[in-house]
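Notes follow the structure.
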Amino acid sequence: MRIAIATFAGLPDGDEDLPALREALAGHGHTAEPVVWDSGADWAAFDLVVVRNTWDYIVRLEEFLAWADGIGNLANRADVLRWNTDKRYLRDLAAAGVPVVPTLWDPEDLPEWPEYVIKPAVSAGSRDTARWSAVEAASARAHLDRLRAEGRTVMVQPYLDAVDSAGETALIFFDGEFSHAVRKAPILTPGSGVQEIITDEKDEREQITPREPSPAELALARDVLAAAPPDLLYARVDLLPGPDGSPVLLELELSEPSLFLGHAPGAAGRLAAAITRRLC
């Protein structure tokens, strides 16, 4: 069968995971090709459209969601994308009892915290996100005011110090089953400023290494998915160590996350098998 891997114009050939995924899918008798989501392609010619690297949706959200609404054979589904592309989904998960990084939504002013992170609710790849300290209040307030003036929902979260040593743990699931996990080193360093562009180039700050999740991390990730929309082809659960060392949810990535297939033997095959089950 024929599969489209939806990407964006800045990455027309897909990401570094695509060659291994295409090879694994070929082993099941399927062909896969990267297709730019807004290229006007004949999507009905594909048996399945898998959303992967549509990273410019953050500046064209309604257009992107309208495109998704028009495709019936989409994974993940259009309703999942609509829910997950705005980080206000974290409020739904918190209401369901999931421990989430504490968040102030659209605050009028800055909190009295030693360090904090300011970011918009619609963002990817740390775009328009920055870490600020109390002594940088003037720059932080300018960041906050700019996002508010643009009419964007703003999130302010405390910077959790344990991230500097432990990093993030990203747990990847295919068809609801745990596949692998990686450690993401911290990238929001003091004074790094605000990243304001979408790029197809690898972020040199991003350091990824394989990681074995703790039982507590694995249990929390499964609780997160139990509270999320059902029938997900893929999901990435990003966790941080909270103030007491217990994991808390930073983000649930269901729209276009990097899946780090090259960091776990067999990961591409597991994703290909999950795709094949949907095709059958």
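Ordering of the structure tokens sets the chain letters (A, B, ...), residue numbers begin anew at 1 in every chain, and ligands are numbered from 1 in the order given.
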Item to complete: Quick one: pick out all helix (DSSP H, G or I) residues within stretch 29-255 of chain A from a backbone DSSP run and write them as a VMD selection string.
Response: chain A and resid 43 to 45 55 to 59 61 to 69 78 to 84 89 to 95 134 to 149 163 to 166 215 to 227
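Proximity to A:Pro265 at 12 Å, evaluated using only C-alpha atoms and with sequence-adjacent residues fewer than 3 positions away removed, yields Ala20, Ser179, His180, Ala181, Pro210, Phe260, Leu261, Gly262, Ala268, Gly269, Arg270 and Leu271 of chain A.
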Fill in: Secondary structure check, strand (DSSP E) residues of stretch 103-244 of chain A, as a ChimeraX atom specification
/A:104-105,115-120,130-133,154-158,168-174,177-184,208-210,234-241
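With distances taken over only C-alpha atoms, A:Asn53 is the one residue among A:Thr85, A:Asn53, A:Ser165, A:Ser214 lying closest to A:Ile5.
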Practice prompt. Can you pull out every residue within 9 Å of A:Asp15, counting only C-alpha atoms, but drop anything in the same chain fewer than 5 positions away, and send it as an MDAnalysis selection string?
Written response: chainID A and resid 7 52:53 200 258
Written file, previous selection with C-alpha atoms, as a PDB file, in the first residue's frame:
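Output file again_1.pdb follows:
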```pdb
ATOM      1  CA  THR A   7       6.110  17.164   6.090  1.00  0.00           C
ATOM      2  CA  ARG A  52       5.341  13.797  10.827  1.00  0.00           C
ATOM      3  CA  ASN A  53       7.274  17.030  10.198  1.00  0.00           C
ATOM      4  CA  ASP A 200      14.739  22.842   9.006  1.00  0.00           C
ATOM      5  CA  SER A 258      10.557  13.776  16.606  1.00  0.00           C
TER       6      SER A 258
END
```
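Using only C-alpha atoms for every distance, the candidate list A:Ala6, A:Leu21, A:Val101, A:Ala185 yields A:Leu21 as the residue closest to A:Gly266.
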